[in-house]
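*Asks:* Structure supplied as query07.pdb; contents: PDB, C-alpha atoms and all ligand atoms.
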```pdb
ATOM      1  CA  MET A   1      57.631 -10.100 -11.207  1.00  0.00           C
ATOM      2  CA  THR A   2      56.465  -9.369  -7.649  1.00  0.00           C
ATOM      3  CA  ASP A   3      54.344 -12.027  -5.991  1.00  0.00           C
ATOM      4  CA  THR A   4      51.199 -10.313  -4.622  1.00  0.00           C
ATOM      5  CA  SER A   5      49.285 -13.447  -3.784  1.00  0.00           C
ATOM      6  CA  THR A   6      50.420 -14.064  -0.214  1.00  0.00           C
ATOM      7  CA  ASP A   7      47.958 -13.420   2.597  1.00  0.00           C
ATOM      8  CA  ASP A   8      50.367 -11.026   4.335  1.00  0.00           C
ATOM      9  CA  GLU A   9      50.306  -8.506   1.537  1.00  0.00           C
ATOM     10  CA  ARG A  10      46.627  -8.466   0.582  1.00  0.00           C
ATOM     11  CA  GLU A  11      44.336  -5.817   1.909  1.00  0.00           C
ATOM     12  CA  GLN A  12      41.079  -7.126   3.251  1.00  0.00           C
ATOM     13  CA  VAL A  13      37.750  -5.489   2.441  1.00  0.00           C
ATOM     14  CA  SER A  14      34.402  -6.397   3.930  1.00  0.00           C
ATOM     15  CA  VAL A  15      30.692  -6.082   3.278  1.00  0.00           C
ATOM     16  CA  PRO A  16      28.039  -5.794   5.972  1.00  0.00           C
ATOM     17  CA  SER A  17      26.245  -8.995   6.878  1.00  0.00           C
ATOM     18  CA  GLU A  18      22.972  -7.043   7.072  1.00  0.00           C
ATOM     19  CA  ILE A  19      21.722  -3.914   5.344  1.00  0.00           C
ATOM     20  CA  GLU A  20      19.262  -1.696   7.199  1.00  0.00           C
ATOM     21  CA  PHE A  21      15.986  -1.423   5.346  1.00  0.00           C
ATOM     22  CA  PRO A  22      15.991   2.048   3.740  1.00  0.00           C
ATOM     23  CA  ARG A  23      12.940   4.136   4.656  1.00  0.00           C
ATOM     24  CA  LEU A  24      12.701   5.402   1.078  1.00  0.00           C
ATOM     25  CA  LEU A  25      12.007   1.849  -0.061  1.00  0.00           C
ATOM     26  CA  ASP A  26       9.300   1.281   2.522  1.00  0.00           C
ATOM     27  CA  PHE A  27       6.219   0.963   0.345  1.00  0.00           C
ATOM     28  CA  TYR A  28       3.696   1.743   3.088  1.00  0.00           C
ATOM     29  CA  ASP A  29       2.758   5.146   4.528  1.00  0.00           C
ATOM     30  CA  LEU A  30       3.667   6.229   8.027  1.00  0.00           C
ATOM     31  CA  GLN A  31       0.343   6.273   9.822  1.00  0.00           C
ATOM     32  CA  THR A  32       0.403   7.973  13.229  1.00  0.00           C
ATOM     33  CA  ALA A  33      -0.948  11.423  14.128  1.00  0.00           C
ATOM     34  CA  ASP A  34       2.528  12.968  14.232  1.00  0.00           C
ATOM     35  CA  GLN A  35       3.365  11.503  10.819  1.00  0.00           C
ATOM     36  CA  THR A  36       0.296  12.183   8.705  1.00  0.00           C
ATOM     37  CA  GLN A  37      -2.820  14.317   8.821  1.00  0.00           C
ATOM     38  CA  ILE A  38      -4.892  11.430   7.435  1.00  0.00           C
ATOM     39  CA  HIS A  39      -4.032   9.204  10.412  1.00  0.00           C
ATOM     40  CA  GLU A  40      -7.769   8.790  11.096  1.00  0.00           C
ATOM     41  CA  PHE A  41      -8.034   6.738   7.910  1.00  0.00           C
ATOM     42  CA  TYR A  42      -5.405   4.335   9.269  1.00  0.00           C
ATOM     43  CA  ASP A  43      -6.894   4.362  12.782  1.00  0.00           C
ATOM     44  CA  ASN A  44     -10.240   3.377  11.262  1.00  0.00           C
ATOM     45  CA  LEU A  45      -8.622   0.750   9.035  1.00  0.00           C
ATOM     46  CA  ARG A  46      -6.799  -0.718  12.035  1.00  0.00           C
ATOM     47  CA  ALA A  47     -10.220  -1.035  13.706  1.00  0.00           C
ATOM     48  CA  GLY A  48     -11.635  -2.804  10.638  1.00  0.00           C
ATOM     49  CA  GLN A  49     -13.425   0.218   9.158  1.00  0.00           C
ATOM     50  CA  PHE A  50     -12.727   1.318   5.571  1.00  0.00           C
ATOM     51  CA  THR A  51     -13.266   5.071   5.331  1.00  0.00           C
ATOM     52  CA  THR A  52     -12.434   8.143   3.327  1.00  0.00           C
ATOM     53  CA  THR A  53     -13.113  11.867   3.480  1.00  0.00           C
ATOM     54  CA  ARG A  54     -16.279  13.654   2.377  1.00  0.00           C
ATOM     55  CA  CYS A  55     -16.445  17.424   2.002  1.00  0.00           C
ATOM     56  CA  THR A  56     -19.258  18.846   4.107  1.00  0.00           C
ATOM     57  CA  GLU A  57     -19.346  21.968   1.881  1.00  0.00           C
ATOM     58  CA  CYS A  58     -19.777  20.388  -1.571  1.00  0.00           C
ATOM     59  CA  ASP A  59     -20.446  16.686  -0.717  1.00  0.00           C
ATOM     60  CA  ALA A  60     -17.512  15.440  -2.812  1.00  0.00           C
ATOM     61  CA  ILE A  61     -16.077  12.089  -1.726  1.00  0.00           C
ATOM     62  CA  HIS A  62     -12.363  11.529  -2.357  1.00  0.00           C
ATOM     63  CA  PHE A  63      -9.969   8.665  -2.304  1.00  0.00           C
ATOM     64  CA  PRO A  64      -7.351   8.697  -0.960  1.00  0.00           C
ATOM     65  CA  PRO A  65      -8.551  10.775   2.012  1.00  0.00           C
ATOM     66  CA  ARG A  66      -7.700  14.477   1.824  1.00  0.00           C
ATOM     67  CA  ILE A  67      -7.066  17.322   4.224  1.00  0.00           C
ATOM     68  CA  VAL A  68      -8.370  19.887   1.709  1.00  0.00           C
ATOM     69  CA  CYS A  69     -11.208  19.273  -0.741  1.00  0.00           C
ATOM     70  CA  PRO A  70      -9.817  19.165  -4.309  1.00  0.00           C
ATOM     71  CA  GLU A  71     -13.218  20.275  -5.665  1.00  0.00           C
ATOM     72  CA  CYS A  72     -13.921  23.416  -3.611  1.00  0.00           C
ATOM     73  CA  THR A  73     -10.669  23.825  -1.601  1.00  0.00           C
ATOM     74  CA  GLY A  74     -12.668  23.769   1.648  1.00  0.00           C
ATOM     75  CA  ASP A  75     -11.208  22.022   4.656  1.00  0.00           C
ATOM     76  CA  ALA A  76     -14.438  20.936   6.341  1.00  0.00           C
ATOM     77  CA  LEU A  77     -14.008  17.217   5.762  1.00  0.00           C
ATOM     78  CA  GLU A  78     -15.491  14.280   7.609  1.00  0.00           C
ATOM     79  CA  TYR A  79     -14.681  10.582   7.499  1.00  0.00           C
ATOM     80  CA  VAL A  80     -17.382   8.382   6.013  1.00  0.00           C
ATOM     81  CA  ASP A  81     -17.604   4.618   5.629  1.00  0.00           C
ATOM     82  CA  LEU A  82     -16.859   2.980   2.301  1.00  0.00           C
ATOM     83  CA  PRO A  83     -18.335  -0.347   1.217  1.00  0.00           C
ATOM     84  CA  HIS A  84     -16.084  -3.359   1.708  1.00  0.00           C
ATOM     85  CA  ASP A  85     -17.380  -5.031  -1.440  1.00  0.00           C
ATOM     86  CA  GLY A  86     -16.915  -3.871  -5.004  1.00  0.00           C
ATOM     87  CA  GLU A  87     -16.283  -4.889  -8.592  1.00  0.00           C
ATOM     88  CA  LEU A  88     -13.027  -5.350 -10.409  1.00  0.00           C
ATOM     89  CA  PHE A  89     -12.886  -2.443 -12.880  1.00  0.00           C
ATOM     90  CA  ALA A  90      -9.456  -3.259 -14.360  1.00  0.00           C
ATOM     91  CA  PHE A  91      -6.491  -5.436 -13.455  1.00  0.00           C
ATOM     92  CA  SER A  92      -2.986  -6.409 -14.432  1.00  0.00           C
ATOM     93  CA  ALA A  93      -0.222  -8.729 -13.293  1.00  0.00           C
ATOM     94  CA  VAL A  94       3.085  -7.608 -11.781  1.00  0.00           C
ATOM     95  CA  ARG A  95       5.728  -9.996 -13.050  1.00  0.00           C
ATOM     96  CA  GLY A  96       9.009  -8.478 -11.860  1.00  0.00           C
ATOM     97  CA  GLY A  97      11.034  -5.412 -11.011  1.00  0.00           C
ATOM     98  CA  LEU A  98       9.828  -5.282  -7.421  1.00  0.00           C
ATOM     99  CA  PRO A  99      11.396  -2.700  -5.149  1.00  0.00           C
ATOM    100  CA  LEU A 100      13.069  -3.965  -1.988  1.00  0.00           C
ATOM    101  CA  GLY A 101      10.051  -2.970   0.099  1.00  0.00           C
ATOM    102  CA  LEU A 102       7.916  -5.466  -1.755  1.00  0.00           C
ATOM    103  CA  ARG A 103      10.239  -8.402  -1.392  1.00  0.00           C
ATOM    104  CA  GLU A 104       7.615 -10.281   0.629  1.00  0.00           C
ATOM    105  CA  HIS A 105       5.565 -10.590  -2.538  1.00  0.00           C
ATOM    106  CA  GLU A 106       5.959 -13.445  -4.905  1.00  0.00           C
ATOM    107  CA  VAL A 107       5.632 -12.573  -8.537  1.00  0.00           C
ATOM    108  CA  PRO A 108       3.491 -12.692 -10.453  1.00  0.00           C
ATOM    109  CA  TYR A 109       0.782 -11.051  -8.387  1.00  0.00           C
ATOM    110  CA  VAL A 110      -2.285  -9.070  -9.418  1.00  0.00           C
ATOM    111  CA  VAL A 111      -3.052  -5.385  -8.962  1.00  0.00           C
ATOM    112  CA  GLY A 112      -6.382  -3.899  -9.898  1.00  0.00           C
ATOM    113  CA  VAL A 113      -8.710  -0.944  -9.881  1.00  0.00           C
ATOM    114  CA  VAL A 114     -11.762  -1.680  -7.744  1.00  0.00           C
ATOM    115  CA  ASP A 115     -15.067   0.150  -8.129  1.00  0.00           C
ATOM    116  CA  LEU A 116     -16.647   0.507  -4.695  1.00  0.00           C
ATOM    117  CA  GLY A 117     -19.460   2.754  -5.894  1.00  0.00           C
ATOM    118  CA  PRO A 118     -18.563   6.085  -4.256  1.00  0.00           C
ATOM    119  CA  VAL A 119     -14.908   5.772  -5.335  1.00  0.00           C
ATOM    120  CA  GLN A 120     -12.596   3.744  -7.527  1.00  0.00           C
ATOM    121  CA  LEU A 121      -9.215   2.831  -6.101  1.00  0.00           C
ATOM    122  CA  SER A 122      -6.247   0.685  -6.921  1.00  0.00           C
ATOM    123  CA  GLY A 123      -4.920  -2.122  -4.784  1.00  0.00           C
ATOM    124  CA  ARG A 124      -3.410  -5.520  -4.752  1.00  0.00           C
ATOM    125  CA  ILE A 125      -5.783  -8.405  -5.510  1.00  0.00           C
ATOM    126  CA  ASP A 126      -4.747 -11.282  -3.269  1.00  0.00           C
ATOM    127  CA  ASP A 127      -5.481 -14.970  -3.648  1.00  0.00           C
ATOM    128  CA  ALA A 128      -6.058 -14.830  -7.384  1.00  0.00           C
ATOM    129  CA  ALA A 129      -4.033 -15.416 -10.519  1.00  0.00           C
ATOM    130  CA  TYR A 130      -4.406 -13.084 -13.487  1.00  0.00           C
ATOM    131  CA  SER A 131      -5.944 -15.875 -15.547  1.00  0.00           C
ATOM    132  CA  ASP A 132      -8.601 -16.485 -12.861  1.00  0.00           C
ATOM    133  CA  LEU A 133     -10.044 -12.972 -13.053  1.00  0.00           C
ATOM    134  CA  GLU A 134     -12.450 -11.079 -15.270  1.00  0.00           C
ATOM    135  CA  ILE A 135     -13.531  -7.454 -15.305  1.00  0.00           C
ATOM    136  CA  GLY A 136     -16.668  -7.152 -13.184  1.00  0.00           C
ATOM    137  CA  ASP A 137     -15.689  -9.890 -10.733  1.00  0.00           C
ATOM    138  CA  PRO A 138     -16.886  -9.199  -7.187  1.00  0.00           C
ATOM    139  CA  VAL A 139     -14.069  -8.508  -4.727  1.00  0.00           C
ATOM    140  CA  SER A 140     -13.954  -7.793  -0.990  1.00  0.00           C
ATOM    141  CA  LEU A 141     -11.726  -5.710   1.225  1.00  0.00           C
ATOM    142  CA  LYS A 142      -8.911  -7.465   3.063  1.00  0.00           C
ATOM    143  CA  ILE A 143      -6.919  -5.647   5.778  1.00  0.00           C
ATOM    144  CA  VAL A 144      -3.325  -6.719   6.355  1.00  0.00           C
ATOM    145  CA  ASP A 145      -0.879  -5.882   9.143  1.00  0.00           C
ATOM    146  CA  ILE A 146       2.478  -4.461   8.034  1.00  0.00           C
ATOM    147  CA  ASP A 147       5.516  -5.992   9.693  1.00  0.00           C
ATOM    148  CA  GLY A 148       8.480  -3.558   9.921  1.00  0.00           C
ATOM    149  CA  PRO A 149      10.615  -1.538   9.437  1.00  0.00           C
ATOM    150  CA  THR A 150       9.069   0.884  11.963  1.00  0.00           C
ATOM    151  CA  ASP A 151       7.895   0.061  15.480  1.00  0.00           C
ATOM    152  CA  ASP A 152       4.413   1.423  14.763  1.00  0.00           C
ATOM    153  CA  ASP A 153       1.470  -0.896  14.218  1.00  0.00           C
ATOM    154  CA  ARG A 154       0.668  -0.333  10.579  1.00  0.00           C
ATOM    155  CA  VAL A 155      -2.068  -1.693   8.356  1.00  0.00           C
ATOM    156  CA  PHE A 156      -2.964  -1.531   4.690  1.00  0.00           C
ATOM    157  CA  TYR A 157      -5.806  -2.610   2.465  1.00  0.00           C
ATOM    158  CA  ARG A 158      -5.991  -5.125  -0.327  1.00  0.00           C
ATOM    159  CA  PHE A 159      -8.822  -6.924  -2.058  1.00  0.00           C
ATOM    160  CA  GLU A 160      -9.615 -10.557  -2.686  1.00  0.00           C
ATOM    161  CA  PRO A 161     -12.151 -12.333  -4.886  1.00  0.00           C
ATOM    162  CA  GLN A 162     -15.468 -13.127  -3.146  1.00  0.00           C
TER     163      GLN A 162
HETATM  164 ZN    ZN A 201     -15.635  20.446  -1.323  1.00  0.00          ZN
END
```
Could you render the structure as C-alpha cells?

*Replies:*
Amino acid sequence: MTDTSTDDEREQVSVPSEIEFPRLLDFYDLQTADQTQIHEFYDNLRAGQFTTTRCTECDAIHFPPRIVCPECTGDALEYVDLPHDGELFAFSAVRGGLPLGLREHEVPYVVGVVDLGPVQLSGRIDDAAYSDLEIGDPVSLKIVDIDGPTDDDRVFYRFEPQ
C-alpha cells in the first residue's frame, strides 16, 4: 500500500478568508438618482420625511412610490407626506432562515403591516417582542441608516411601538 499521508505528497487547497457581500443578497434598494426613479422617496426619507406618490390625475395614493399610476396609468405623480404614526394591522415573528443580507438581525424579530391611514405597508417592528404586541397597537416611524455594502448613504424605514 502506498503511503499518501506525508506532507510532500498532499495537494493543498484553500478557502478565502473573506467573502465579498453579494449584491443579490443586499436586502435594501439602491437609492440614488442614477439607480432608481423613486430616489426622491429615499432623499425625503434621508431628510426625515416619510413620503409616497399621489397621482394628480385620479388622486390615488400608492405605496411603495410609483413612476406610473397603477389606477389610471398616468405619470403625473407628486410626492406627498405620509403620517409617521399608525396602527399595527397585522404582525408576525421571523424566527429563522434569514438571508445573508439580514445577518445583522437577531431572531426572533417582528414584522408587521402598519395602517397609516392613506396606505398600509409592511415593515420591521423594532424594540418589541411578538408577545408584547396586539393588533391595533400604536406604532411610529423609525428611520435607520444602512451600513454597506455600497458607498452610498442609504436609509430605510421601520416602525416601533409608541
Ligand atoms: Zn392615477

*Asks:* Record the distance separating CA of Val68 in chain A and CA of Phe159 in chain A, expressed in Å with one decimal.

*Replies:*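 Distance between the two atoms: 27.1 Å.
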
*Asks:* For Val94 in chain A, work out the shell of residues within 10 Å, counting all atoms listed in the file and skipping chain neighbours fewer than 3 positions away, then give it as a ChimeraX atom specification.

*Replies:* /A:91,97-98,106-111,124,130

*Asks:* Restricting the calculation to only C-alpha atoms and all ligand atoms, which member of A:Thr73, A:Gln162, A:Thr150, A:Ser140 is positioned closest to ligand ZN 201 (chain A)?

*Replies:*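 Closest to ligand ZN 201 (chain A) of all the choices is A:Thr73.
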
*Asks:* From (-12.1, -12.6, -3.2), in the file's coordinates, out to 8 Å: which residues are reached, counting all atoms listed in the file? Answer as a JSON list (two decimals) with C-alpha atoms, in the frame of the given file.

*Replies:*
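Written file, result35.json:
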```json
[["chain", "number", "residue", "atom", "x", "y", "z"],
["A", 125, "ILE", "CA", -5.78, -8.40, -5.51],
["A", 126, "ASP", "CA", -4.75, -11.28, -3.27],
["A", 127, "ASP", "CA", -5.48, -14.97, -3.65],
["A", 128, "ALA", "CA", -6.06, -14.83, -7.38],
["A", 138, "PRO", "CA", -16.89, -9.20, -7.19],
["A", 139, "VAL", "CA", -14.07, -8.51, -4.73],
["A", 140, "SER", "CA", -13.95, -7.79, -0.99],
["A", 159, "PHE", "CA", -8.82, -6.92, -2.06],
["A", 160, "GLU", "CA", -9.62, -10.56, -2.69],
["A", 161, "PRO", "CA", -12.15, -12.33, -4.89],
["A", 162, "GLN", "CA", -15.47, -13.13, -3.15]]
```

*Asks:* Step by step, measure atom-to-atom distances between ligand ZN 201 (chain A) and each residue using all atoms listed in the file, keep those at most 8 Å, then write them as a ChimeraX atom specification.

*Replies:* /A:54-60,68-77

*Asks:* Rank A:Thr51, A:Glu11, A:Gly112, A:Asp132 by their smallest atom-to-atom distance to His39 in chain A, using all atoms listed in the file, and report the top residue only.

*Replies:*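 Result for the nearest residue to His39 in chain A: A:Thr51.
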
*Asks:* Which one is closest to Arg46 in chain A: A:Pro118, A:Ala129, A:Gly86, A:Gln31? Count all atoms listed in the file.

*Replies:*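 Looking only at the distances to Arg46 in chain A, the closest residue turns out to be A:Gln31.
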